[in-house]
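protein.txt follows; it contains compact mmCIF, C-alpha atoms.
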# COMPACT_ATOMS: atom_id res chain seq x y z
CA MET A 19 4.70 28.00 -3.82
CA MET A 20 5.74 27.58 -7.45
CA GLY A 21 9.01 26.04 -6.28
CA LEU A 22 7.02 23.58 -4.18
CA PHE A 23 5.00 22.40 -7.16
CA ARG A 24 8.10 22.12 -9.33
CA ARG A 25 9.68 19.93 -6.69
CA VAL A 26 6.60 17.72 -6.54
CA LYS A 27 6.62 17.42 -10.32
CA THR A 28 10.27 16.34 -10.18
CA ILE A 29 9.45 13.69 -7.61
CA ILE A 30 6.52 12.38 -9.63
CA LEU A 31 8.49 12.22 -12.88
CA ALA A 32 11.53 10.52 -11.31
CA ASP A 33 12.79 7.56 -13.31
CA LEU A 34 11.97 4.47 -11.22
CA HIS A 35 13.56 2.11 -13.72
CA GLU A 36 16.95 3.72 -13.34
CA LEU A 37 16.83 3.22 -9.59
CA VAL A 38 15.65 -0.36 -10.00
CA ASP A 39 18.64 -1.02 -12.21
CA GLN A 40 20.77 0.10 -9.27
CA TRP A 41 19.34 -2.82 -7.26
CA GLU A 42 17.05 -0.66 -5.16
CA ASP A 43 13.72 -1.98 -3.93
CA PRO A 44 11.01 -0.59 -6.28
CA VAL A 45 8.23 -1.15 -3.74
CA ALA A 46 10.12 0.70 -1.01
CA LEU A 47 10.84 3.50 -3.47
CA THR A 48 7.18 3.93 -4.39
CA LYS A 49 6.30 4.12 -0.68
CA GLN A 50 8.96 6.79 -0.22
CA TYR A 51 7.63 8.76 -3.20
CA LEU A 52 4.10 8.61 -1.77
CA ARG A 53 5.32 9.75 1.63
CA GLU A 54 7.12 12.71 0.07
CA LEU A 55 4.10 13.54 -2.06
CA GLN A 56 1.87 13.38 1.02
CA GLU A 57 4.18 15.80 2.80
CA GLN A 58 4.00 18.20 -0.15
CA ILE A 59 0.21 17.93 -0.17
CA GLU A 60 0.08 18.78 3.53
CA THR A 61 2.42 21.75 2.96
CA ALA A 62 0.22 22.95 0.10
CA GLN A 63 -2.88 22.59 2.28
CA ARG A 64 -1.31 24.77 4.97
CA SER A 65 -0.27 27.38 2.39
CA ILE A 66 -3.77 27.51 0.92
CA ALA A 67 -5.27 27.81 4.41
CA GLN A 68 -3.00 30.79 5.04
CA GLN A 69 -4.01 32.31 1.71
CA MET A 70 -7.70 31.91 2.52
CA ALA A 71 -7.19 33.47 5.96
CA LEU A 72 -5.44 36.40 4.28
CA GLU A 73 -8.33 36.69 1.82
CA GLN A 74 -10.78 36.91 4.70
CA ARG A 75 -8.61 39.59 6.30
CA TYR A 76 -8.66 41.65 3.11
CA ALA A 77 -12.40 41.08 2.70
CA SER A 78 -12.90 42.50 6.19
CA LEU A 79 -10.65 45.48 5.38
CA ILE A 80 -12.57 46.15 2.15
CA ALA A 81 -15.90 45.98 3.98
CA HIS A 82 -14.60 48.35 6.66
CA VAL A 83 -13.22 50.82 4.09
CA LYS A 84 -16.52 50.81 2.16
CA THR A 85 -18.37 51.54 5.38
CA MET A 86 -16.01 54.44 6.12
CA ILE A 87 -16.42 55.82 2.60
CA GLU A 88 -20.21 55.80 2.96
CA LYS A 89 -19.91 57.38 6.41
CA ARG A 90 -17.58 60.16 5.26
CA THR A 91 -19.81 60.77 2.21
CA ARG A 92 -22.81 61.30 4.46
CA GLN A 93 -20.78 63.55 6.75
CA ALA A 94 -19.55 65.66 3.84
CA LYS A 95 -23.08 66.09 2.45
CA LEU A 96 -24.43 66.97 5.86
CA ALA A 97 -21.61 69.49 6.44
CA LEU A 98 -22.31 71.17 3.09
CA GLU A 99 -26.00 71.36 3.89
CA ARG A 100 -25.06 73.15 7.11
CA ASN A 101 -22.51 75.37 5.32
CA GLU A 102 -19.71 73.81 7.36
CA GLU A 103 -17.15 73.84 4.58
CA ALA A 104 -14.14 72.97 6.74
CA ILE A 105 -15.82 69.86 8.09
CA ALA A 106 -17.00 68.97 4.57
CA LYS A 107 -13.41 69.24 3.26
CA LEU A 108 -12.11 67.11 6.10
CA ALA A 109 -14.77 64.46 5.43
CA LEU A 110 -14.06 64.53 1.67
CA ARG A 111 -10.31 64.23 2.32
CA GLU A 112 -10.81 61.10 4.39
CA LYS A 113 -13.31 59.79 1.85
CA LEU A 114 -10.73 60.13 -0.95
CA MET A 115 -8.05 58.46 1.22
CA TYR A 116 -10.38 55.55 1.93
CA GLU A 117 -11.24 55.25 -1.74
CA LYS A 118 -7.53 54.94 -2.59
CA LYS A 119 -7.16 52.31 0.12
CA LEU A 120 -10.20 50.52 -1.24
CA SER A 121 -8.71 50.44 -4.74
CA ALA A 122 -5.42 49.04 -3.39
CA TYR A 123 -7.14 46.50 -1.16
CA GLN A 124 -9.38 45.31 -3.98
CA GLN A 125 -6.42 44.81 -6.31
CA GLN A 126 -4.53 42.89 -3.62
CA TYR A 127 -7.67 40.91 -2.81
CA GLU A 128 -8.16 39.93 -6.46
CA THR A 129 -4.51 38.93 -6.73
CA LEU A 130 -4.86 36.78 -3.61
CA GLN A 131 -7.99 35.15 -5.01
CA GLU A 132 -6.23 34.33 -8.28
CA LYS A 133 -3.30 32.78 -6.44
CA THR A 134 -5.59 30.84 -4.13
CA THR A 135 -7.59 29.55 -7.09
CA TYR A 136 -4.40 28.49 -8.87
CA MET A 137 -3.00 26.82 -5.76
CA SER A 138 -6.29 24.98 -5.19
CA GLU A 139 -6.25 23.71 -8.77
CA GLN A 140 -2.68 22.50 -8.35
CA LEU A 141 -3.57 20.87 -5.06
CA ASN A 142 -6.42 19.01 -6.74
CA LYS A 143 -3.94 17.78 -9.33
CA LEU A 144 -1.70 16.59 -6.51
CA TYR A 145 -4.64 14.71 -4.99
CA GLU A 146 -5.34 13.05 -8.34
CA LYS A 147 -1.68 12.19 -8.84
CA TYR A 148 -1.47 10.77 -5.32
CA GLU A 149 -4.47 8.51 -5.97
CA GLU A 150 -2.99 7.47 -9.31
CA LEU A 151 0.41 6.67 -7.79
CA SER A 152 -1.20 4.91 -4.84
CA ALA A 153 -2.99 2.56 -7.24
CA LYS A 154 0.24 2.19 -9.22
CA GLN A 155 2.05 1.24 -6.03
CA TRP A 156 -0.29 -1.71 -5.46
CA GLU A 157 0.26 -2.80 -9.06
CA LEU A 158 4.05 -2.57 -8.71
CA HIS A 159 3.87 -4.41 -5.40
CA ALA A 160 1.96 -7.28 -7.01
CA ARG A 161 4.30 -7.36 -10.00
CA ALA A 162 7.38 -7.31 -7.76
CA ASN A 163 6.02 -10.21 -5.68
CA ALA A 164 5.23 -12.18 -8.83
CA ALA A 165 8.70 -11.49 -10.23
CA LYS A 166 10.35 -12.56 -6.98
CA THR A 167 8.30 -15.77 -6.86
CA ILE A 168 9.19 -16.62 -10.45
CA LYS A 169 12.83 -15.90 -9.75
CA ASP A 170 12.80 -18.17 -6.68
CA ILE A 171 11.11 -20.95 -8.68
CA ASN A 172 13.62 -20.61 -11.48
CA THR A 173 16.49 -20.67 -8.99
CA THR A 174 15.09 -23.84 -7.46
CA LEU A 175 14.69 -25.46 -10.87
CA ALA A 176 18.20 -24.43 -11.87
CA SER A 177 19.68 -26.11 -8.79
CA PHE A 178 17.52 -29.22 -9.21
CA HIS A 179 19.37 -32.30 -10.58
CA PRO A 180 16.95 -35.02 -11.76
CA GLU A 181 19.68 -37.71 -11.82
CA GLN A 182 20.28 -37.31 -8.11
CA ALA A 183 16.58 -37.35 -7.43
CA LEU A 184 16.13 -40.53 -9.50
CA ARG A 185 18.97 -42.23 -7.66
CA GLY A 186 17.49 -41.16 -4.37
CA PHE A 187 14.06 -42.52 -5.32
CA ALA A 188 15.67 -45.75 -6.50
CA ARG A 189 17.36 -46.19 -3.13
CA MET A 190 14.08 -45.50 -1.39
CA GLU A 191 12.33 -48.04 -3.61
CA GLU A 192 14.98 -50.66 -2.80
CA ARG A 193 14.49 -49.96 0.87
CA VAL A 194 10.72 -50.35 0.47
CA PHE A 195 11.25 -53.68 -1.36
CA ALA A 196 13.47 -54.87 1.52
CA LEU A 197 10.87 -53.85 4.09
CA GLU A 198 8.16 -55.65 2.10
CA ALA A 199 10.36 -58.77 1.89
CA GLU A 200 10.96 -58.67 5.63
CA ALA A 201 7.23 -58.28 6.22
CA ASN A 202 6.43 -61.28 3.96
CA ALA A 203 9.08 -63.41 5.64
CA SER A 204 7.79 -62.61 9.11
CA ARG A 205 4.24 -63.37 7.95
CA ARG A 206 5.24 -66.83 6.59
CA PHE A 207 7.19 -67.61 9.76
CA LEU A 208 4.20 -66.66 11.88
CA GLU A 209 1.91 -68.87 9.78
CA SER A 210 4.25 -71.86 10.05
CA ALA A 211 4.61 -71.36 13.79
CA HIS A 212 0.85 -71.43 14.21
CA ALA A 213 0.54 -74.46 11.94
CA PHE A 214 3.07 -76.61 13.89
CA PRO A 215 0.85 -77.64 16.82
CA SER A 216 -1.98 -78.75 14.57
CA THR A 217 0.42 -80.95 12.53
CA ILE A 218 1.71 -82.71 15.67
CA ASP A 219 -1.81 -83.33 16.88
CA GLU A 220 -2.69 -84.98 13.59
CA GLU A 221 0.39 -87.21 13.78
CA VAL A 222 -0.51 -88.18 17.35
CA GLU A 223 -4.04 -89.09 16.32
CA THR A 224 -2.70 -91.13 13.40
CA GLU A 225 -0.24 -92.94 15.60
CA LEU A 226 -2.90 -93.65 18.24
CA THR A 227 -5.20 -95.10 15.61
CA LYS A 228 -2.42 -97.43 14.45
CA TRP A 229 -1.84 -98.69 17.99
CA LYS A 230 -5.51 -99.34 18.51
CA GLU A 231 -5.68 -101.33 15.30
CA ALA A 232 -2.61 -103.36 16.34
CA GLN A 233 -4.12 -104.15 19.74
CA ALA A 234 -7.33 -105.27 18.10
CA LYS A 235 -5.46 -107.69 15.88
CA ASN A 236 -3.51 -109.22 18.81
CA ALA A 237 -6.61 -109.70 20.92
Please render this file's structure as structure tokens.
Amino acid sequence: MMGLFRRVKTIILADLHELVDQWEDPVALTKQYLRELQEQIETAQRSIAQQMALEQRYASLIAHVKTMIEKRTRQAKLALERNEEAIAKLALREKLMYEKKLSAYQQQYETLQEKTTYMSEQLNKLYEKYEELSAKQWELHARANAAKTIKDINTTLASFHPEQALRGFARMEERVFALEAEANASRRFLESAHAFPSTIDEEVETELTKWKEAQAKNA
């Protein structure tokens, strides 16, 4: 179990900047670290569950041994009251054996409890570290996206040549001027075409008036 926690500590304290300098994706790396940390947390959870099951087993053994000690004590007292010394000795022998077992079981049980408590404390630290790194991952993700965007913008600006753009806009402006000139010319032609019939009609009226005046003079 101690080796497990040392490995987790090594993972957590790994130098991300060194890997970034090797052109590795920092966001992908943080995800990998979190996945590994999650696996270690799950392993620790299983280990603690096994420890707790073992604790319960020892607690049951201790309870059973205590019951047997009380039972053999009663049997020994009863045998002495009845002057059954052989049975009393047998009961006392088993009582002493159970007491030795009880002492051993209690020591082992206390040791298990200490280890379980320590492992639970370490697991809580892993939970806290996981939450901390999870929040850090989102921060690194945002920073990486911002850095990439800035890099792309700078690359675009570096490849941008204002002289070419100005020449291109100038050509477009010339083309617009030509289109506007064509539009004005077509508009004037259309106006003159519409004006032609009215001019002829006026000339006809003028000519007709002259003829009428001439006929009046000759009459």
Spatial neighbours of Glu150 in chain A, 12 Å, only C-alpha atoms, chain gap at least 6 places, as a list in words |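 Counting only the stated atoms, we get Ile30, Thr48, Leu52, Leu55, Lys143, Leu144, Trp156 and Glu157 of chain A.
Relative to CA of Glu117 in chain A, CA of Glu103 in chain A is found at 20.5 Å.
If you count all atoms listed in the file and ignore residues fewer than 6 places along the chain from Ala160 in chain A, what sits within 12 Å of it is Pro44, Val45, Ala153, Lys154, Lys166 and Thr167 of chain A.
Coordinates place CA of Gln126 in chain A at a distance of 17.1 Å from CA of Ala67 in chain A.
Between CA of Lys118 in chain A and CA of Gln93 in chain A there is a distance of 18.4 Å.
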Within 12 Å of Thr129 in chain A, counting all atoms listed in the file, which residues show up once you throw out same-chain ones fewer than 5 positions away? Write them as number ranges by chain, please.
-> A: 69, 72-73, 76, 122-124, 134-136
Which one of A:Asn236, A:Gln56, A:Leu108, A:Gln50 sits closest to Lys147 in chain A if you count all atoms listed in the file?
->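 The answer is A:Gln56, which sits nearest to Lys147 in chain A.
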Do you know which residues are at most 10 Å from Arg90 in chain A counting only C-alpha atoms, after dropping those on the same chain fewer than 3 positions away, and could you put them as a list in words?
->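 The residues satisfying every condition are Lys84, Thr85, Met86, Ile87, Gln93, Ala94, Lys95, Leu96, Ala106, Leu108, Ala109, Leu110, Arg111, Glu112, Lys113, Leu114 and Tyr116 of chain A.
Considering the residues A:His159, A:Lys89, A:Arg206, A:Lys235 and counting all atoms listed in the file, Ala46 in chain A has its shortest atom-to-atom contact with A:His159.
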